[in-house]
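protein.tsv follows (TSV, C-alpha atoms):
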chain	number	residue	atom	x	y	z
A	1	MET	CA	30.41	22.29	16.75
A	2	THR	CA	26.70	21.46	16.58
A	3	TYR	CA	23.22	22.95	16.32
A	4	SER	CA	19.97	21.18	17.14
A	5	ILE	CA	16.26	21.53	17.77
A	6	VAL	CA	13.96	19.43	19.98
A	7	ALA	CA	10.18	19.70	19.86
A	8	ARG	CA	6.86	18.11	20.78
A	9	CYS	CA	3.75	18.38	18.59
A	10	PRO	CA	0.70	19.19	20.77
A	11	GLU	CA	-1.71	17.85	18.12
A	12	THR	CA	-0.16	14.41	17.59
A	13	GLY	CA	1.96	13.96	20.72
A	14	GLU	CA	4.97	13.20	18.53
A	15	CYS	CA	8.37	14.31	19.80
A	16	GLY	CA	11.62	14.57	17.98
A	17	VAL	CA	15.01	16.12	17.42
A	18	ALA	CA	17.01	17.31	14.42
A	19	VAL	CA	20.73	18.01	14.57
A	20	ALA	CA	23.66	18.90	12.30
A	21	THR	CA	27.36	19.28	13.00
A	22	TYR	CA	30.87	19.43	11.56
A	23	SER	CA	31.77	16.13	13.21
A	24	PRO	CA	30.84	12.81	11.56
A	25	ASN	CA	28.20	10.40	12.87
A	26	VAL	CA	26.15	12.86	14.95
A	27	GLY	CA	23.04	10.65	14.83
A	28	ALA	CA	24.78	8.10	17.04
A	29	THR	CA	25.92	10.57	19.70
A	30	ALA	CA	23.64	13.59	20.21
A	31	PRO	CA	19.89	12.94	19.69
A	32	GLY	CA	17.53	10.91	21.82
A	33	ALA	CA	13.75	10.48	21.85
A	34	LEU	CA	11.27	8.26	23.66
A	35	SER	CA	7.68	7.60	22.63
A	36	GLY	CA	5.25	9.47	24.85
A	37	ARG	CA	8.03	10.89	27.00
A	38	GLY	CA	10.12	13.47	25.16
A	39	ALA	CA	13.29	14.19	23.22
A	40	LEU	CA	16.71	15.69	23.82
A	41	ALA	CA	20.01	16.65	22.26
A	42	TYR	CA	23.23	16.09	24.27
A	43	GLN	CA	26.05	17.90	22.53
A	44	CYS	CA	29.11	20.17	22.58
A	45	VAL	CA	31.11	17.39	24.28
A	46	SER	CA	28.63	14.54	23.96
A	47	SER	CA	28.34	11.80	26.58
A	48	PRO	CA	26.53	8.55	25.76
A	49	ILE	CA	26.56	7.70	29.47
A	50	HIS	CA	24.78	10.86	30.55
A	51	ARG	CA	22.55	10.91	27.48
A	52	ALA	CA	21.35	7.45	28.55
A	53	MET	CA	20.83	8.80	32.06
A	54	ALA	CA	18.74	11.64	30.66
A	55	MET	CA	16.66	9.21	28.60
A	56	GLY	CA	16.08	7.11	31.71
A	57	LEU	CA	14.82	10.16	33.56
A	58	LEU	CA	12.39	10.95	30.74
A	59	ALA	CA	11.22	7.33	30.78
A	60	GLU	CA	10.39	7.73	34.47
A	61	GLY	CA	8.27	10.79	33.68
A	62	ALA	CA	10.71	13.51	34.72
A	63	SER	CA	10.09	17.03	33.48
A	64	ALA	CA	12.54	18.74	31.16
A	65	ALA	CA	13.63	21.01	34.02
A	66	GLY	CA	14.01	17.99	36.28
A	67	VAL	CA	16.23	16.25	33.73
A	68	ILE	CA	18.52	19.29	33.50
A	69	ALA	CA	18.68	19.66	37.29
A	70	THR	CA	19.60	16.01	37.80
A	71	LEU	CA	22.24	16.09	35.07
A	72	ALA	CA	23.75	19.24	36.58
A	73	ALA	CA	24.20	17.35	39.84
A	74	ARG	CA	25.52	14.10	38.34
A	75	ASP	CA	27.58	15.00	35.26
A	76	PRO	CA	31.14	15.86	36.37
A	77	PHE	CA	31.81	17.60	33.05
A	78	TRP	CA	28.64	19.69	33.08
A	79	PRO	CA	30.43	22.98	32.21
A	80	SER	CA	31.46	21.45	28.86
A	81	ARG	CA	28.01	20.12	27.95
A	82	GLN	CA	25.13	21.60	26.02
A	83	VAL	CA	21.72	19.97	26.46
A	84	ILE	CA	18.16	20.79	25.41
A	85	VAL	CA	15.13	18.73	26.48
A	86	VAL	CA	11.40	18.66	25.71
A	87	ASP	CA	9.16	16.54	27.95
A	88	MET	CA	5.84	14.75	27.49
A	89	PHE	CA	3.86	17.90	28.28
A	90	GLY	CA	5.84	20.17	25.96
A	91	GLY	CA	7.91	21.63	28.78
A	92	VAL	CA	11.39	22.63	27.71
A	93	ALA	CA	14.70	23.28	29.44
A	94	GLY	CA	18.28	23.79	28.36
A	95	HIS	CA	21.85	24.23	29.46
A	96	THR	CA	24.89	25.73	27.76
A	97	GLY	CA	28.08	25.20	29.77
A	98	GLU	CA	30.38	28.10	30.40
A	99	THR	CA	33.22	26.43	28.50
A	100	ALA	CA	31.16	25.91	25.32
A	101	PRO	CA	33.00	27.54	22.41
A	102	PRO	CA	31.37	30.63	20.79
A	103	HIS	CA	29.05	31.43	19.25
A	104	ALA	CA	27.12	29.26	21.70
A	105	GLY	CA	23.73	29.38	23.38
A	106	HIS	CA	20.24	27.96	23.60
A	107	ARG	CA	16.74	29.36	23.36
A	108	LEU	CA	13.49	27.96	24.74
A	109	GLY	CA	10.15	28.26	22.97
A	110	GLU	CA	6.64	26.91	23.43
A	111	GLY	CA	7.11	23.16	23.11
A	112	PHE	CA	10.49	23.45	21.42
A	113	ALA	CA	14.08	24.54	22.02
A	114	VAL	CA	17.17	25.21	19.93
A	115	ALA	CA	20.84	25.10	20.89
A	116	GLY	CA	24.23	25.31	19.26
A	117	ASN	CA	27.92	26.05	19.56
A	118	VAL	CA	30.70	27.09	17.16
A	119	LEU	CA	28.04	28.67	14.96
A	120	THR	CA	27.71	31.48	12.48
A	121	GLU	CA	26.17	34.47	14.25
A	122	THR	CA	22.64	33.99	12.90
A	123	CYS	CA	22.41	30.17	12.79
A	124	LEU	CA	20.54	29.72	16.06
A	125	GLU	CA	18.08	32.53	15.35
A	126	ASP	CA	17.50	31.26	11.82
A	127	ALA	CA	16.79	27.72	13.05
A	128	TRP	CA	14.41	29.16	15.65
A	129	GLN	CA	12.57	31.18	13.03
A	130	GLY	CA	12.53	28.23	10.64
A	131	PHE	CA	10.53	26.22	13.17
A	132	GLN	CA	8.41	29.09	14.44
A	133	ALA	CA	7.36	30.01	10.90
A	134	THR	CA	5.53	26.67	10.54
A	135	ALA	CA	3.51	26.95	13.78
A	136	GLY	CA	-0.15	26.13	13.12
A	137	SER	CA	0.65	24.96	9.59
A	138	GLY	CA	-0.52	21.38	10.10
A	139	LEU	CA	2.80	20.11	8.75
A	140	PRO	CA	4.19	16.90	10.27
A	141	LEU	CA	6.68	17.38	13.07
A	142	SER	CA	9.36	15.77	10.92
A	143	GLU	CA	8.89	18.44	8.25
A	144	ARG	CA	8.94	21.28	10.76
A	145	LEU	CA	12.16	19.97	12.32
A	146	MET	CA	13.70	19.54	8.89
A	147	ARG	CA	12.86	23.10	7.91
A	148	ALA	CA	14.46	24.41	11.09
A	149	LEU	CA	17.62	22.46	10.30
A	150	GLU	CA	17.63	23.82	6.75
A	151	ALA	CA	17.17	27.38	7.96
A	152	GLY	CA	20.21	27.02	10.19
A	153	ALA	CA	22.23	25.52	7.35
A	154	ARG	CA	21.34	28.40	5.03
A	155	SER	CA	22.98	30.76	7.50
A	156	GLY	CA	26.19	28.75	7.19
A	157	GLY	CA	25.56	26.47	10.17
A	158	GLN	CA	29.15	26.38	11.35
A	159	PRO	CA	32.10	28.38	10.00
A	160	GLU	CA	33.92	25.11	9.16
A	161	GLY	CA	30.88	23.73	7.34
A	162	LEU	CA	28.81	20.63	8.16
A	163	THR	CA	29.56	16.92	7.91
A	164	SER	CA	26.67	14.95	9.45
A	165	ALA	CA	23.00	15.40	10.30
A	166	ALA	CA	20.15	13.39	11.80
A	167	LEU	CA	16.38	13.45	12.22
A	168	LEU	CA	14.65	11.35	14.90
A	169	VAL	CA	10.87	11.35	15.53
A	170	HIS	CA	8.80	9.17	17.87
A	171	GLY	CA	5.02	8.82	18.00
A	172	ALA	CA	2.75	6.52	19.98
A	173	ALA	CA	4.50	3.29	18.97
A	174	PRO	CA	7.47	2.03	21.00
A	175	PHE	CA	9.82	2.56	18.06
A	176	PRO	CA	10.80	5.56	15.93
A	177	LEU	CA	8.51	6.84	13.21
A	178	LEU	CA	11.65	8.16	11.53
A	179	ASP	CA	15.31	7.61	12.38
A	180	LEU	CA	17.32	9.13	9.54
A	181	ARG	CA	21.05	9.78	9.55
A	182	VAL	CA	23.67	11.18	7.23
A	183	ASP	CA	26.97	10.22	8.81
A	184	LEU	CA	29.46	11.67	6.31
A	185	HIS	CA	28.62	14.17	3.57
A	186	ASP	CA	29.83	17.56	2.36
A	187	GLN	CA	26.21	18.83	2.43
A	188	PRO	CA	24.55	16.65	5.07
A	189	VAL	CA	21.39	18.73	5.53
A	190	ILE	CA	20.69	18.66	1.79
A	191	GLU	CA	21.32	14.92	1.79
A	192	LEU	CA	19.08	14.45	4.84
A	193	ARG	CA	16.28	16.23	2.98
A	194	ARG	CA	16.77	13.83	0.05
A	195	VAL	CA	16.55	10.83	2.37
A	196	LEU	CA	13.46	12.23	4.11
A	197	GLU	CA	11.66	12.77	0.81
A	198	PHE	CA	12.51	9.24	-0.27
A	199	MET	CA	11.25	7.74	2.99
A	200	ARG	CA	8.15	9.89	3.48
A	201	PRO	CA	5.84	7.77	1.25
A	202	LEU	CA	7.05	4.66	3.08
A	203	GLN	CA	6.56	5.91	6.64
A	204	ALA	CA	3.13	4.36	7.22
A	205	PHE	CA	4.24	1.19	5.43
A	206	TYR	CA	7.15	0.66	7.82
A	207	VAL	CA	4.99	1.36	10.86
A	208	GLN	CA	2.60	-1.36	9.72
A	209	ARG	CA	5.44	-3.71	8.84
A	210	LYS	CA	6.79	-3.42	12.39
A	211	THR	CA	3.39	-4.20	13.94
A	212	ASP	CA	1.61	-6.57	11.52
A	213	PRO	CA	3.39	-7.42	8.25
A	214	THR	CA	0.64	-9.77	7.05
A	215	GLY	CA	0.05	-9.41	3.33
A	216	LEU	CA	2.36	-6.45	2.85
A	217	PRO	CA	4.22	-6.06	-0.46
A	218	ARG	CA	7.94	-5.43	-0.74
A	219	TRP	CA	9.03	-1.89	0.15
A	220	TRP	CA	9.84	-1.04	-3.47
A	221	GLN	CA	6.43	-2.26	-4.63
A	222	LYS	CA	4.78	0.03	-2.08
A	223	ARG	CA	6.89	2.98	-3.21
A	224	MET	CA	5.99	2.31	-6.85
A	225	GLU	CA	2.33	2.52	-5.85
A	226	ALA	CA	2.85	5.71	-3.88
A	227	VAL	CA	5.17	7.50	-6.32
A	228	PRO	CA	4.00	7.13	-9.93
A	229	GLY	CA	6.90	6.90	-12.35
A	230	TRP	CA	9.45	5.82	-9.76
A	231	ARG	CA	11.18	2.50	-10.39
A	232	PRO	CA	13.70	0.68	-8.18
A	233	ASN	CA	17.22	0.06	-9.41
A	234	HIS	CA	16.80	-3.66	-9.92
A	235	LEU	CA	14.06	-3.06	-12.50
A	236	GLN	CA	16.28	-0.66	-14.45
A	237	ARG	CA	19.92	-1.68	-14.19
A	238	VAL	CA	22.32	-3.62	-12.02
A	239	ILE	CA	24.59	-1.29	-10.04
A	240	PRO	CA	28.01	-2.71	-9.12
A	241	GLN	CA	28.51	-2.76	-5.35
A	242	GLN	CA	32.31	-2.96	-5.40

Could I get this file's structure written as structure tokens?
Amino acid sequence: MTYSIVARCPETGECGVAVATYSPNVGATAPGALSGRGALAYQCVSSPIHRAMAMGLLAEGASAAGVIATLAARDPFWPSRQVIVVDMFGGVAGHTGETAPPHAGHRLGEGFAVAGNVLTETCLEDAWQGFQATAGSGLPLSERLMRALEAGARSGGQPEGLTSAALLVHGAAPFPLLDLRVDLHDQPVIELRRVLEFMRPLQAFYVQRKTDPTGLPRWWQKRMEAVPGWRPNHLQRVIPQQ
């Protein structure tokens, strides 16, 4: 029902996860990331309780393999879970339970991992290649994760289609650099790309606003500076909200 990718950037230390699924609201249930510690996706039959446990283990400095081993011992529904983890050193580990519906599986790379279930036959490989193709490109981790998600979507993603998608990236600060979600959409990966492109020029602005907002303009003023020709709605027309 879901496919995802977790990764750590060795140049910046950023870690993140991108995920898409046929179910709504995936950003609230599957992805997790922690600044300086790692990222994970908890899916197939998601568990907020055990996802929180996994995040706690990462916070304590556990390795990706250690997180998976502990979850295997503590999660009573482990055969129905699918989990991929990347740790602070770029170590990766994964699990696909034996009751995960086909096509299901995970694949571990150097500093990244992909996983999915109820997929088209090539979705997982396409997502893998989508990320691998940008290795050494200098692109931000957010862009590399987004391209992997798009590659999987181009293969069909899931036979039923897709409904929600999310992109979560952490850097050095104790809050996300990006936390973008599309909870309900007929083409959620396309919509997530639109949201990412809108937010990209504002990323540094919001980091500064969360640390020292002194003298900062309004968000729309900053975006007008960064994107020539763009104008916010309130300077063009009033849009009814009901």

Within 12 Å of range 156-170 of chain A, which residues of range 40-88 of chain A show up? Give each one with its shortest atom-to-atom distance in Å (one decimal) and the two atoms involved, counting only C-alpha atoms, rows by chain then rising residue number, as a tab-separated table.
residue	atom	partner	partner_atom	distance
A:Leu40	CA	A:Leu168	CA	10.1
A:Ala41	CA	A:Leu168	CA	10.5
A:Met88	CA	A:His170	CA	11.5

Worksheet, complete the sentence: If you count all atoms listed in the file, the residue of A:Pro228, A:Pro176, A:Gly36, A:Pro102 closest to Thr120 in chain A turns out to be A:Pro102

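The smallest atom-to-atom distance between Ala62 in chain A and any of A:Val92, A:Val6, A:Val17, A:Leu145, using all atoms listed in the file, is found for A:Val92.
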
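Atom to atom, CA of Arg218 in chain A and CA of Pro232 in chain A stand 11.2 Å apart.
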
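The closest residue to Arg147 in chain A, picked from A:Gly105, A:Gly130, A:Gly215, A:Pro201 and counting all atoms listed in the file, is A:Gly130.
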
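Across the model, the gap from CA of Glu110 in chain A to CA of Met1 in chain A is 25.1 Å.
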
Fill in: Selection near Ser80 in chain A, 8 Å with only C-alpha atoms, sequence-local residues under 3 positions removed, as a ChimeraX atom specification
/A:44-45,77,96-100

Worksheet item: Nearest to Leu34 in chain A among A:Ala113, A:Ala226, A:Met53, A:Ala172, with distances taken over all atoms listed in the file: which residue is it?
Response: A:Ala172
